[in-house]
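Enquirer: One structure, as structure tokens, below. Some questions next.
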Amino acid sequence: MRKLLCLLICVASVLLLITGCAAGDNRIPTEDNQNNSTQSEGLSENVFTDVIELVPSTYENVNNLDNVTMTLKEDTVTPTGLTVVFENNSEKECIFGEYFELEKSIDDVWYKVPVAIEGEYGFHSIGYPLTSGETREWEVDWNWLYGSLKPGKYRIIKDVLDLKETGNYETYYLAAEFEISVEDENDSGDKGERISSIEITRESDRKKWILVDNATVKEFLRALNNREKTNAKIDIRPKDYTVKIHFADKTKQEYALWVDEDVNIRGVLMDEKSTWFINKESNPTFKKILK
């Protein structure tokens with residue numbers, strides 16, 4: 001009887017150990033380990049392509065600093081950065097720094113975006129004043145920390161200090177939500193970081209521009225991406241420009257571009273499969289670069 005009791009206790013212990021190990025494995029399947037990982041209940045597949053574990057947000061309250069806001073500057077969101085606009089419509093004297101965090105929404109729950117670098121990292125110790133009645137822009141490029149974001153819904157979080165007096169302040173957290181689409185990723189994000197040059201040829205006289213400067217490349221891409229896809233059939237003159245985007249892996253994308261002399265008329269962009277109307281706000285950029 002005693003031997004049977006000992007055997008039952010051993011079996012129960014083994015079952016508890018196995019159950020405990022299974023409960024502790026909350027990894028999300030990735031492209032490399034989908035065959036030997038288990039998906040966390042309630043989370044979508046392939047939430048991140050290179051993430052082992054997701055950490056829930058630690059921010060319970062955001063955007064609760066009265067009359068001080070942080071919003072996105074229009075048309076600045078890319079998979080590797082954006083520009084936010086701070087507005088202080090209060091009587092408070094505030095200050096913010098370089099620190100920020102990114103989070104991703106998965107099934108309506110916010111999770112921290114894992115950093116893409118190993119080891120310790122930090123931010124420049126600098127403070128930017130945001131005085132009463134002031135509006136201020138702040139631009140961030142997070143490629144060094146997070147890499148290029150995959151499609152999804154995100155938010156950027158920044159801390160802002162409400163200065164009471166010297167050495168006395170309260171910390172608040174402001175958040176601004178944004179989305180990365182599949183088109184963003186393909187057109188200006190992951191590939192955009194691997195662009196080696198952009199070659200533009202004017203068909204009327206075969207004049208050629210080759211853009212290699214990073215700032216100019218980004219400016220031209222931003223102008224190209226300020227567009228709306230259309231399924232309408234367009235009867236149009238022969239193309240004005242041929243645009244070839246060359247990537248570091250030796251691949252390229254080619255587009256036909258139409259830019260009207262009238263800056264109030266939208267341009268047209270085509271590739272082999274799609275057609276887009278380019279918003280007229282891009283015309284000044286084209287005029288400046290293609291002169």
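Going through the structure tokens in order, the chains are called A, B, and so on, while each chain numbers its residues from 1 and the ligands are numbered from 1 in the order shown.
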Under the rule of at most 7 Å, produce a per-residue listing of stretch 129-197 of chain A near stretch 55-68 of chain A: chain, number, name, the closest pair of atoms, and the distance in Å, as a tab-separated table, using only C-alpha atoms.
Expert:
```
residue	atom	partner	partner_atom	distance
A:Tyr172	CA	A:Leu65	CA	6.3
A:Tyr173	CA	A:Val62	CA	5.1
A:Leu174	CA	A:Asn63	CA	4.6
A:Ala175	CA	A:Val62	CA	6.2
```
Enquirer: Excluding same-chain residues fewer than 3 positions from stretch 198-208 of chain A, what lies within 9 Å of it counting only C-alpha atoms, as a list in words?
Expert: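 The filter keeps Ile195, Leu211, Val212, Val217, Phe220, Pro238, Lys239, Asp240, Tyr241, Thr242, Val243, Lys244, Ile245, His246, Phe247 and Leu290 of chain A.
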Enquirer: Check the DSSP output for the backbone and give back, as a list in words, the residues of stretch 94-154 of chain A in strand (DSSP E or B).
Expert: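 Secondary structure check on stretch 94-154 of chain A, strand (DSSP E or B): Cys94, Ile95, Phe96, Glu101, Leu102, Glu103, Lys104, Ser105, Ile106, Val109, Trp110, Tyr111, Lys112, Tyr128, Pro129, Leu130, Thr135, Arg136, Glu137, Trp138, Glu139, Val140, Asp141, Gly152, Lys153 and Tyr154 of chain A.
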Enquirer: Would you return as a list in words the members of stretch 79-213 of chain A that DSSP assigns to helix (DSSP H, G or I) on this structure's backbone?
Expert: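 Filtering stretch 79-213 of chain A down to helix (DSSP H, G or I) leaves Asn143, Trp144, Leu145, Tyr146, Val182, Glu183, Asp184, Glu185, Asn186, Asp187, Ser188, Gly189, Gly192, Glu193 and Arg194 of chain A.
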Enquirer: Store the residues picked out above in a file with N, CA and C atoms, as a PDB file, in the first residue's frame.
Expert:
```pdb
ATOM      1  N   ASN A 143      14.775  54.276 -36.078  1.00  0.00           N
ATOM      2  CA  ASN A 143      15.371  53.121 -36.748  1.00  0.00           C
ATOM      3  C   ASN A 143      16.516  52.528 -35.936  1.00  0.00           C
ATOM      4  N   TRP A 144      17.278  53.371 -35.228  1.00  0.00           N
ATOM      5  CA  TRP A 144      18.425  52.894 -34.432  1.00  0.00           C
ATOM      6  C   TRP A 144      17.980  52.045 -33.240  1.00  0.00           C
ATOM      7  N   LEU A 145      16.753  52.258 -32.774  1.00  0.00           N
ATOM      8  CA  LEU A 145      16.284  51.588 -31.572  1.00  0.00           C
ATOM      9  C   LEU A 145      15.293  50.466 -31.862  1.00  0.00           C
ATOM     10  N   TYR A 146      14.318  50.721 -32.747  1.00  0.00           N
ATOM     11  CA  TYR A 146      13.263  49.742 -33.020  1.00  0.00           C
ATOM     12  C   TYR A 146      13.356  49.127 -34.410  1.00  0.00           C
ATOM     13  N   VAL A 182       0.507  48.346 -45.046  1.00  0.00           N
ATOM     14  CA  VAL A 182       1.358  47.519 -45.908  1.00  0.00           C
ATOM     15  C   VAL A 182       1.997  48.392 -46.984  1.00  0.00           C
ATOM     16  N   GLU A 183       1.242  49.359 -47.502  1.00  0.00           N
ATOM     17  CA  GLU A 183       1.785  50.251 -48.527  1.00  0.00           C
ATOM     18  C   GLU A 183       2.916  51.099 -47.971  1.00  0.00           C
ATOM     19  N   ASP A 184       2.768  51.576 -46.714  1.00  0.00           N
ATOM     20  CA  ASP A 184       3.836  52.344 -46.072  1.00  0.00           C
ATOM     21  C   ASP A 184       5.099  51.517 -45.990  1.00  0.00           C
ATOM     22  N   GLU A 185       4.961  50.260 -45.573  1.00  0.00           N
ATOM     23  CA  GLU A 185       6.114  49.390 -45.413  1.00  0.00           C
ATOM     24  C   GLU A 185       6.810  49.153 -46.740  1.00  0.00           C
ATOM     25  N   ASN A 186       6.031  48.901 -47.794  1.00  0.00           N
ATOM     26  CA  ASN A 186       6.618  48.585 -49.091  1.00  0.00           C
ATOM     27  C   ASN A 186       7.233  49.803 -49.766  1.00  0.00           C
ATOM     28  N   ASP A 187       6.563  50.967 -49.600  1.00  0.00           N
ATOM     29  CA  ASP A 187       6.971  52.133 -50.370  1.00  0.00           C
ATOM     30  C   ASP A 187       8.045  52.977 -49.719  1.00  0.00           C
ATOM     31  N   SER A 188       8.017  53.094 -48.386  1.00  0.00           N
ATOM     32  CA  SER A 188       8.936  54.052 -47.785  1.00  0.00           C
ATOM     33  C   SER A 188       9.608  53.573 -46.521  1.00  0.00           C
ATOM     34  N   GLY A 189       9.277  52.393 -46.045  1.00  0.00           N
ATOM     35  CA  GLY A 189       9.812  51.982 -44.779  1.00  0.00           C
ATOM     36  C   GLY A 189      11.004  51.064 -44.898  1.00  0.00           C
ATOM     37  N   GLY A 192      12.833  51.573 -47.934  1.00  0.00           N
ATOM     38  CA  GLY A 192      13.375  52.919 -47.970  1.00  0.00           C
ATOM     39  C   GLY A 192      14.706  53.030 -47.266  1.00  0.00           C
ATOM     40  N   GLU A 193      14.896  52.217 -46.227  1.00  0.00           N
ATOM     41  CA  GLU A 193      16.160  52.260 -45.510  1.00  0.00           C
ATOM     42  C   GLU A 193      17.278  51.610 -46.324  1.00  0.00           C
ATOM     43  N   ARG A 194      16.924  50.853 -47.372  1.00  0.00           N
ATOM     44  CA  ARG A 194      17.944  50.170 -48.175  1.00  0.00           C
ATOM     45  C   ARG A 194      18.079  50.791 -49.557  1.00  0.00           C
TER      46      ARG A 194
END
```
